[in-house]
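These notes concern the structure reproduced below.
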Amino acid sequence: MDFGFLFTDMLQQGLIWAIMALGVFIAYRVEDIADLGAEGAFPLGASVAVMALNAGITPVFAVVLAILAGALTGLFTSLLHTLLKIPSLLAGIITMVGFYSIILRVLGRANVPIATGTDTIFTPLQSLLGNRYWGIVATMGLVVIALFFLLYWFFGTEIGVALRATGKNKAMAKAQSINTNVMIVLGLVISNALVAMSGAFYAQQSHYADVGMGRGTIVVGLAAIFLGEAVFGKRSFKNTLISVILGGFVYFLIIDIALELNMNPNDLKLLQAIIIILMIAWPLLKKCLNRPSQLVKNGLKKFFRRRPRKAAI
Amino acid sequence: MLEIRHLSKTFKIDGNKENDRVALDDISLTIKEGEFVTIIGGNGSGKTTLLNMIAGVFPIDSGTIALNGKDITNIKEHRRAKNIGRVFQDPMIGTVATMSVEENMSLAFRRGSRPTIRWGLTAKNRIRFEAELAKLRLGLESRIFSKAGLLSGGQRQALTLVMATLQRPDLLLLDEHTAALDPKTAKIVMDLTERIVSEHLLTTIMITHNMKDAIRYGTRLIMMSEGHIILDVSGVEKEQLTIDGLIQKFSSAGDELPDNMLLSK
């Protein structure tokens, strides 16, 4: 097994997808909304960034444009949900489907590479460090650290706390005079902006944008959240933020090991699905692992029948 | 203070008119500044609906509600919350379980003003919060960093009560806030309620199905049945009320006394 590859790929991918995971985290964990619109925001961010770069716009501004485009998808989904009362899951799917056409409009065709010789956001640190790969890692490292502090600060502000309360307990939020609709819009705008930002970095790392590159991305984000929380804990908000960021590394470590073990890349999506199932079922599985003797003694049927009674106490 | 005029609300179950459930039928009620009103009634009498209409949880069918002379009939729930403090029957609803006591209180401290991007938790506020919690004499002041979900039901209700009054509300709404607690804790929370209400001179509406509490606390008692007010007493007349007297009034209204009220006798 090539441990060098494992480590380097894990760092690079993990950092880029950590931003995706943070975006999905804000929708799924903070706002309690499974926002499939993220699968539209990711390729939209990538497309806007690539087209902007090819049009000669500076890399930093290209990323800013991608973030704004992502904010737009979040705005669209959240307005469908709050103004038109469309269930959030459906609103996200509508955004995902609708924005497919918009992404095709942006790109003009299904797949557009970044023109050769165009500077990307990674170029300054790549030439400084004299290494393509470490340039990407250093740039992404700085971005992710900055994002961590920015988000940690934001979710401690009055608006941030109100946003968290809205996601956890709407009745309480309203009783404390919080406009929950405004908070849902704000949360999804931030979430999608981060996802699109991740798409913009991903496109510059892989030098292309593709209309289909969003497919399955929300699953990567969710996997990173679940893995991170399971491995690194979720004791406090700060702890959870760090866990979500590190979860991306764990996820890519698993994927890269699978690839190194000669797994067919076509089977990757199935592996993603299995990881998600395992992580969601984790509390149940942990019970099995903690009391294997009971399992052997009583058999599966009796073992699982014990659970509800335990939970009731 | 609170002026309710010809308030009606019907819940549509399945669209069939004969299945519609009338929750409030042409209710008119005026509550004066400083009154502590207890509302008693069986299940389905409309008492919780009345409270929810005042708080703005659902839109009303017809009628008007005015608070402090201002018509609030069409004002959204979160805007009304600026002037209305609330404690719910379910101890889980009043606070956010995954946030610390301090964070919950900081939200309540900002009630009525637009949230800003200032950091919500400051040392100055923490001292204020601890002082308010210390007044409860439940030892909550030492648990200000604990997550609210780790508190017991009674502690959460006490915390919600403090949060509802951290910014003095014009009106305090208590929706059977001791019903989910064991008798001993319910007593503690009721005594705290009385203390806080009298300390801040709060205009209060408290729903209960405990006749003893309805008689013992408050300055005015309202009994509801099938969407109507069937009894409204205050002053000396309320002080002379007995449980048997209440049961009699109930029976004379042609209403069957609900089991949960009999049990709490």
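Letters A, B, ... go to the chains of the structure tokens in the order shown; residues in each chain start at 1; ligands are counted from 1 in the same order.
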
Pull the closest atom pair for each residue of chain B that gets at most 8 Å from chain A, along with the distance in Å to one decimal, counting only C-alpha atoms, ordering rows by chain and then ascending residue number, as JSON lines.
{"residue": "B:Glu77", "atom": "CA", "partner": "A:Lys174", "partner_atom": "CA", "distance": 6.5}
{"residue": "B:His78", "atom": "CA", "partner": "A:Ser177", "partner_atom": "CA", "distance": 4.0}
{"residue": "B:Arg79", "atom": "CA", "partner": "A:Ser177", "partner_atom": "CA", "distance": 5.8}
{"residue": "B:Arg80", "atom": "CA", "partner": "A:Ser177", "partner_atom": "CA", "distance": 7.3}
{"residue": "B:Ala81", "atom": "CA", "partner": "A:Ser177", "partner_atom": "CA", "distance": 4.8}
{"residue": "B:Lys82", "atom": "CA", "partner": "A:Ser177", "partner_atom": "CA", "distance": 5.8}
{"residue": "B:Gly85", "atom": "CA", "partner": "A:Ala175", "partner_atom": "CA", "distance": 7.2}
{"residue": "B:Arg86", "atom": "CA", "partner": "A:Ala175", "partner_atom": "CA", "distance": 6.7}
{"residue": "B:Ile93", "atom": "CA", "partner": "A:Met172", "partner_atom": "CA", "distance": 5.9}
{"residue": "B:Gly94", "atom": "CA", "partner": "A:Met172", "partner_atom": "CA", "distance": 5.4}
{"residue": "B:Thr95", "atom": "CA", "partner": "A:Met172", "partner_atom": "CA", "distance": 6.2}
{"residue": "B:Val96", "atom": "CA", "partner": "A:Asn169", "partner_atom": "CA", "distance": 6.1}
{"residue": "B:Thr98", "atom": "CA", "partner": "A:Lys168", "partner_atom": "CA", "distance": 7.8}
{"residue": "B:Glu103", "atom": "CA", "partner": "A:Val161", "partner_atom": "CA", "distance": 7.4}
{"residue": "B:Leu107", "atom": "CA", "partner": "A:Gln176", "partner_atom": "CA", "distance": 6.7}
{"residue": "B:Ala108", "atom": "CA", "partner": "A:Gln176", "partner_atom": "CA", "distance": 5.7}
{"residue": "B:Arg110", "atom": "CA", "partner": "A:Gln176", "partner_atom": "CA", "distance": 7.9}
{"residue": "B:Arg111", "atom": "CA", "partner": "A:Gln176", "partner_atom": "CA", "distance": 5.1}
{"residue": "B:Gly112", "atom": "CA", "partner": "A:Ser177", "partner_atom": "CA", "distance": 5.7}
{"residue": "B:Ser113", "atom": "CA", "partner": "A:Ser177", "partner_atom": "CA", "distance": 8.0}
{"residue": "B:Pro115", "atom": "CA", "partner": "A:Ile159", "partner_atom": "CA", "distance": 5.1}
{"residue": "B:Thr116", "atom": "CA", "partner": "A:Glu158", "partner_atom": "CA", "distance": 5.5}
{"residue": "B:Ile117", "atom": "CA", "partner": "A:Thr157", "partner_atom": "CA", "distance": 5.1}
{"residue": "B:Arg118", "atom": "CA", "partner": "A:Thr157", "partner_atom": "CA", "distance": 5.1}
{"residue": "B:Trp119", "atom": "CA", "partner": "A:Thr157", "partner_atom": "CA", "distance": 3.9}
{"residue": "B:Gly120", "atom": "CA", "partner": "A:Glu158", "partner_atom": "CA", "distance": 4.7}
{"residue": "B:Leu121", "atom": "CA", "partner": "A:Gly156", "partner_atom": "CA", "distance": 7.5}

Next, write the just-selected residues to a file, as an mmCIF file, in the first residue's frame, keeping N, CA and C atoms as the atom set.
data_model
loop_
_atom_site.group_PDB
_atom_site.id
_atom_site.type_symbol
_atom_site.label_atom_id
_atom_site.label_comp_id
_atom_site.auth_asym_id
_atom_site.auth_seq_id
_atom_site.Cartn_x
_atom_site.Cartn_y
_atom_site.Cartn_z
ATOM 1 N N GLU B 77 -46.652 35.775 15.459
ATOM 2 C CA GLU B 77 -46.300 35.233 16.777
ATOM 3 C C GLU B 77 -44.990 35.813 17.319
ATOM 4 N N HIS B 78 -43.928 35.823 16.482
ATOM 5 C CA HIS B 78 -42.632 36.263 17.013
ATOM 6 C C HIS B 78 -42.619 37.757 17.340
ATOM 7 N N ARG B 79 -43.504 38.536 16.670
ATOM 8 C CA ARG B 79 -43.568 39.968 17.004
ATOM 9 C C ARG B 79 -44.332 40.183 18.314
ATOM 10 N N ARG B 80 -45.396 39.384 18.500
ATOM 11 C CA ARG B 80 -46.142 39.496 19.762
ATOM 12 C C ARG B 80 -45.259 39.113 20.945
ATOM 13 N N ALA B 81 -44.313 38.193 20.689
ATOM 14 C CA ALA B 81 -43.472 37.688 21.775
ATOM 15 C C ALA B 81 -42.686 38.803 22.444
ATOM 16 N N LYS B 82 -42.562 39.927 21.746
ATOM 17 C CA LYS B 82 -41.878 41.082 22.331
ATOM 18 C C LYS B 82 -42.546 41.491 23.644
ATOM 19 N N GLY B 85 -44.606 36.926 27.538
ATOM 20 C CA GLY B 85 -43.730 35.847 28.001
ATOM 21 C C GLY B 85 -44.543 34.574 28.115
ATOM 22 N N ARG B 86 -43.938 33.438 27.790
ATOM 23 C CA ARG B 86 -44.711 32.187 27.796
ATOM 24 C C ARG B 86 -43.951 31.047 28.457
ATOM 25 N N ILE B 93 -40.227 22.245 25.600
ATOM 26 C CA ILE B 93 -40.463 23.295 24.595
ATOM 27 C C ILE B 93 -39.865 24.640 24.992
ATOM 28 N N GLY B 94 -39.795 24.921 26.293
ATOM 29 C CA GLY B 94 -39.407 26.253 26.731
ATOM 30 C C GLY B 94 -37.948 26.609 26.535
ATOM 31 N N THR B 95 -37.097 25.566 26.423
ATOM 32 C CA THR B 95 -35.664 25.815 26.286
ATOM 33 C C THR B 95 -35.097 24.951 25.165
ATOM 34 N N VAL B 96 -33.896 25.301 24.697
ATOM 35 C CA VAL B 96 -33.218 24.465 23.709
ATOM 36 C C VAL B 96 -32.309 23.501 24.459
ATOM 37 N N THR B 98 -29.996 21.395 23.648
ATOM 38 C CA THR B 98 -28.573 21.228 23.312
ATOM 39 C C THR B 98 -27.767 22.494 23.567
ATOM 40 N N GLU B 103 -26.737 30.222 27.276
ATOM 41 C CA GLU B 103 -27.140 30.559 25.910
ATOM 42 C C GLU B 103 -28.654 30.728 25.809
ATOM 43 N N LEU B 107 -30.694 34.297 24.843
ATOM 44 C CA LEU B 107 -31.759 34.465 23.844
ATOM 45 C C LEU B 107 -32.939 35.221 24.447
ATOM 46 N N ALA B 108 -33.328 34.794 25.662
ATOM 47 C CA ALA B 108 -34.473 35.408 26.316
ATOM 48 C C ALA B 108 -34.175 36.863 26.677
ATOM 49 N N ARG B 110 -32.551 38.904 24.993
ATOM 50 C CA ARG B 110 -32.664 39.748 23.807
ATOM 51 C C ARG B 110 -34.083 39.787 23.273
ATOM 52 N N ARG B 111 -35.009 39.140 23.974
ATOM 53 C CA ARG B 111 -36.375 39.057 23.456
ATOM 54 C C ARG B 111 -36.927 40.447 23.166
ATOM 55 N N GLY B 112 -37.475 40.593 21.953
ATOM 56 C CA GLY B 112 -38.079 41.871 21.606
ATOM 57 C C GLY B 112 -37.156 42.791 20.838
ATOM 58 N N SER B 113 -35.842 42.521 20.864
ATOM 59 C CA SER B 113 -34.971 43.360 20.043
ATOM 60 C C SER B 113 -34.311 42.502 18.979
ATOM 61 N N PRO B 115 -31.807 40.570 16.801
ATOM 62 C CA PRO B 115 -30.476 40.044 17.117
ATOM 63 C C PRO B 115 -29.399 40.712 16.258
ATOM 64 N N THR B 116 -28.235 40.920 16.830
ATOM 65 C CA THR B 116 -27.146 41.577 16.113
ATOM 66 C C THR B 116 -25.992 40.592 15.939
ATOM 67 N N ILE B 117 -24.885 41.042 15.341
ATOM 68 C CA ILE B 117 -23.734 40.158 15.216
ATOM 69 C C ILE B 117 -22.743 40.401 16.344
ATOM 70 N N ARG B 118 -23.253 40.916 17.456
ATOM 71 C CA ARG B 118 -22.397 40.965 18.640
ATOM 72 C C ARG B 118 -22.380 39.594 19.288
ATOM 73 N N TRP B 119 -21.278 39.237 19.924
ATOM 74 C CA TRP B 119 -21.182 37.987 20.655
ATOM 75 C C TRP B 119 -22.220 38.019 21.780
ATOM 76 N N GLY B 120 -23.051 36.979 21.848
ATOM 77 C CA GLY B 120 -24.193 37.023 22.756
ATOM 78 C C GLY B 120 -23.851 36.843 24.220
ATOM 79 N N LEU B 121 -22.729 36.151 24.491
ATOM 80 C CA LEU B 121 -22.424 35.813 25.881
ATOM 81 C C LEU B 121 -21.351 36.745 26.421
#

DSSP alpha helix (DSSP H) residues within range 31-245 of chain A, as a ChimeraX atom specification = /A:38-54,59-82,88-107,123-129,132-154,158-168,170-175,180-206,217-232,237-245

Residue selection dump (C-alpha atoms) as a compact mmCIF listing (two decimals), in the first residue's frame:
# COMPACT_ATOMS: atom_id res chain seq x y z
CA ALA A 38 -26.45 21.37 -2.02
CA GLU A 39 -26.11 18.98 -4.97
CA GLY A 40 -26.95 21.93 -7.20
CA ALA A 41 -24.83 24.46 -5.30
CA PHE A 42 -21.65 22.36 -5.62
CA PRO A 43 -21.51 22.11 -9.44
CA LEU A 44 -22.85 25.68 -9.73
CA GLY A 45 -19.94 26.94 -7.63
CA ALA A 46 -17.53 24.89 -9.71
CA SER A 47 -19.03 26.13 -13.00
CA VAL A 48 -19.08 29.79 -12.03
CA ALA A 49 -15.47 29.59 -10.82
CA VAL A 50 -14.24 27.88 -14.01
CA MET A 51 -16.09 30.24 -16.35
CA ALA A 52 -14.89 33.25 -14.37
CA LEU A 53 -11.27 32.04 -14.51
CA ASN A 54 -11.53 31.37 -18.24
CA PRO A 59 -8.99 33.54 -8.82
CA VAL A 60 -10.03 35.18 -5.53
CA PHE A 61 -12.85 37.05 -7.23
CA ALA A 62 -13.85 33.87 -9.11
CA VAL A 63 -14.30 32.12 -5.76
CA VAL A 64 -16.31 35.07 -4.43
CA LEU A 65 -18.60 34.85 -7.47
CA ALA A 66 -19.03 31.11 -6.84
CA ILE A 67 -19.95 31.81 -3.19
CA LEU A 68 -22.56 34.36 -4.29
CA ALA A 69 -24.00 31.88 -6.80
CA GLY A 70 -24.23 29.28 -4.03
CA ALA A 71 -25.96 31.79 -1.77
CA LEU A 72 -28.52 32.18 -4.55
CA THR A 73 -29.37 28.45 -4.55
CA GLY A 74 -29.77 28.61 -0.77
CA LEU A 75 -32.01 31.64 -1.10
CA PHE A 76 -34.11 29.84 -3.73
CA THR A 77 -34.56 26.67 -1.65
CA SER A 78 -35.33 28.53 1.55
CA LEU A 79 -37.86 30.84 -0.08
CA LEU A 80 -39.62 27.82 -1.59
CA HIS A 81 -39.77 26.43 1.92
CA THR A 82 -40.68 29.52 3.95
CA SER A 88 -37.79 21.39 2.83
CA LEU A 89 -36.73 18.05 1.37
CA LEU A 90 -38.85 18.65 -1.73
CA ALA A 91 -37.69 22.29 -1.97
CA GLY A 92 -34.09 21.06 -2.08
CA ILE A 93 -34.86 18.52 -4.80
CA ILE A 94 -36.62 21.19 -6.87
CA THR A 95 -33.56 23.45 -6.56
CA MET A 96 -31.24 20.59 -7.50
CA VAL A 97 -33.29 19.78 -10.62
CA GLY A 98 -33.94 23.38 -11.64
CA PHE A 99 -30.35 24.48 -11.25
CA TYR A 100 -29.14 21.64 -13.49
CA SER A 101 -30.35 23.70 -16.45
CA ILE A 102 -28.87 26.88 -15.02
CA ILE A 103 -25.49 25.17 -14.63
CA LEU A 104 -25.68 24.00 -18.26
CA ARG A 105 -26.43 27.63 -19.21
CA VAL A 106 -23.41 28.81 -17.26
CA LEU A 107 -21.09 26.22 -18.77
CA THR A 123 -0.99 29.25 -7.95
CA PRO A 124 0.60 31.79 -5.52
CA LEU A 125 1.37 29.23 -2.81
CA GLN A 126 2.24 26.57 -5.39
CA SER A 127 4.98 28.77 -6.86
CA LEU A 128 6.04 29.92 -3.37
CA LEU A 129 6.42 26.37 -2.11
CA ARG A 132 1.87 21.72 -6.91
CA TYR A 133 0.48 19.44 -4.28
CA TRP A 134 1.67 21.24 -1.12
CA GLY A 135 0.50 24.52 -2.63
CA ILE A 136 -3.04 23.17 -2.68
CA VAL A 137 -2.78 21.76 0.85
CA ALA A 138 -1.38 25.02 2.26
CA THR A 139 -4.02 27.18 0.55
CA MET A 140 -6.86 24.93 1.65
CA GLY A 141 -5.44 24.66 5.16
CA LEU A 142 -5.49 28.43 5.54
CA VAL A 143 -9.02 28.69 4.13
CA VAL A 144 -10.40 25.94 6.37
CA ILE A 145 -8.78 27.37 9.50
CA ALA A 146 -10.15 30.82 8.67
CA LEU A 147 -13.60 29.33 8.08
CA PHE A 148 -13.48 27.49 11.39
CA PHE A 149 -12.82 30.69 13.33
CA LEU A 150 -15.36 32.65 11.28
CA LEU A 151 -18.12 30.06 11.86
CA TYR A 152 -17.25 29.60 15.52
CA TRP A 153 -17.46 33.34 16.04
CA PHE A 154 -20.67 33.65 14.01
CA GLU A 158 -26.83 36.83 18.83
CA ILE A 159 -27.88 36.02 15.27
CA GLY A 160 -25.90 32.77 15.34
CA VAL A 161 -27.47 31.63 18.61
CA ALA A 162 -30.92 32.56 17.27
CA LEU A 163 -30.17 30.50 14.16
CA ARG A 164 -29.21 27.46 16.24
CA ALA A 165 -32.31 27.84 18.41
CA THR A 166 -34.49 27.96 15.29
CA GLY A 167 -33.11 24.65 14.08
CA LYS A 168 -33.47 22.91 17.43
CA LYS A 170 -38.98 26.46 16.61
CA ALA A 171 -41.68 26.94 19.26
CA MET A 172 -39.10 28.26 21.73
CA ALA A 173 -37.46 30.45 19.09
CA LYS A 174 -40.78 32.10 18.22
CA ALA A 175 -41.62 32.60 21.90
CA THR A 180 -37.73 31.74 12.36
CA ASN A 181 -38.34 32.18 8.62
CA VAL A 182 -35.56 34.75 8.35
CA MET A 183 -33.25 32.41 10.28
CA ILE A 184 -34.05 29.46 7.97
CA VAL A 185 -33.26 31.62 4.92
CA LEU A 186 -30.03 32.86 6.48
CA GLY A 187 -28.96 29.33 7.47
CA LEU A 188 -29.54 27.84 4.02
CA VAL A 189 -27.85 30.79 2.29
CA ILE A 190 -24.71 30.29 4.41
CA SER A 191 -24.87 26.53 3.96
CA ASN A 192 -25.16 26.66 0.16
CA ALA A 193 -22.55 29.42 -0.10
CA LEU A 194 -20.05 27.13 1.66
CA VAL A 195 -20.98 24.18 -0.55
CA ALA A 196 -20.49 26.29 -3.69
CA MET A 197 -17.16 27.52 -2.29
CA SER A 198 -16.10 23.91 -1.88
CA GLY A 199 -17.17 23.29 -5.51
CA ALA A 200 -15.08 26.25 -6.67
CA PHE A 201 -11.96 24.87 -4.96
CA TYR A 202 -12.64 21.36 -6.21
CA ALA A 203 -12.91 22.61 -9.80
CA GLN A 204 -9.59 24.45 -9.51
CA GLN A 205 -7.89 21.42 -8.02
CA SER A 206 -9.16 19.10 -10.77
CA THR A 217 -21.83 15.18 -2.97
CA ILE A 218 -24.32 15.60 -0.12
CA VAL A 219 -23.60 12.01 0.86
CA VAL A 220 -19.90 12.86 1.15
CA GLY A 221 -20.80 15.81 3.36
CA LEU A 222 -23.08 13.71 5.55
CA ALA A 223 -20.51 10.91 5.78
CA ALA A 224 -17.90 13.43 6.93
CA ILE A 225 -20.30 14.74 9.60
CA PHE A 226 -21.23 11.29 10.93
CA LEU A 227 -17.66 9.94 10.83
CA GLY A 228 -16.25 13.08 12.42
CA GLU A 229 -18.80 13.12 15.24
CA ALA A 230 -18.34 9.40 15.89
CA VAL A 231 -14.54 9.59 15.98
CA PHE A 232 -13.92 13.03 17.48
CA PHE A 237 -20.44 23.38 19.38
CA LYS A 238 -16.71 24.05 19.00
CA ASN A 239 -15.93 20.37 19.37
CA THR A 240 -18.57 19.48 16.75
CA LEU A 241 -17.21 22.03 14.24
CA ILE A 242 -13.71 20.54 14.58
CA SER A 243 -15.14 17.03 14.28
CA VAL A 244 -16.97 17.88 11.07
CA ILE A 245 -13.78 19.31 9.54

ask   = Within 8 Å of Gln13 in chain A, counting only C-alpha atoms, which residues qualify if same-chain residues fewer than 5 places away don't, as a list in words?
value =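 Residues meeting the cut-off are Gly248, Phe249 and Phe252 of chain A.
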
task = Tell me which protein, DNA and RNA residues are within 10 Å of Thr49 in chain B, counting only C-alpha atoms, leaving out same-chain ones fewer than 4 positions away, and put them as a ChimeraX atom specification.
result = /B:9-10,23-24,44-45,53-55,57-58,60,227

Which residue of B:Glu3, B:Gln248, B:Gly149, B:Met163 approaches Asp71 in chain B most closely, using only C-alpha atoms =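 Of all the options, B:Glu3 lies closest to Asp71 in chain B.
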
query = If you count only C-alpha atoms, which residues fall within 7 Å of Asn68 in chain B, apart from same-chain ones fewer than 2 positions away, as a ChimeraX atom specification?
reply = /B:1-2,66,70

message = I'd like the contact shell of Ile31 in chain B - 10 Å cut-off, only C-alpha atoms, skipping same-chain residues fewer than 2 positions apart - returned as a PyMOL selection string.
response = chain B and resi 1-4+29+33-37+67+203-205+220
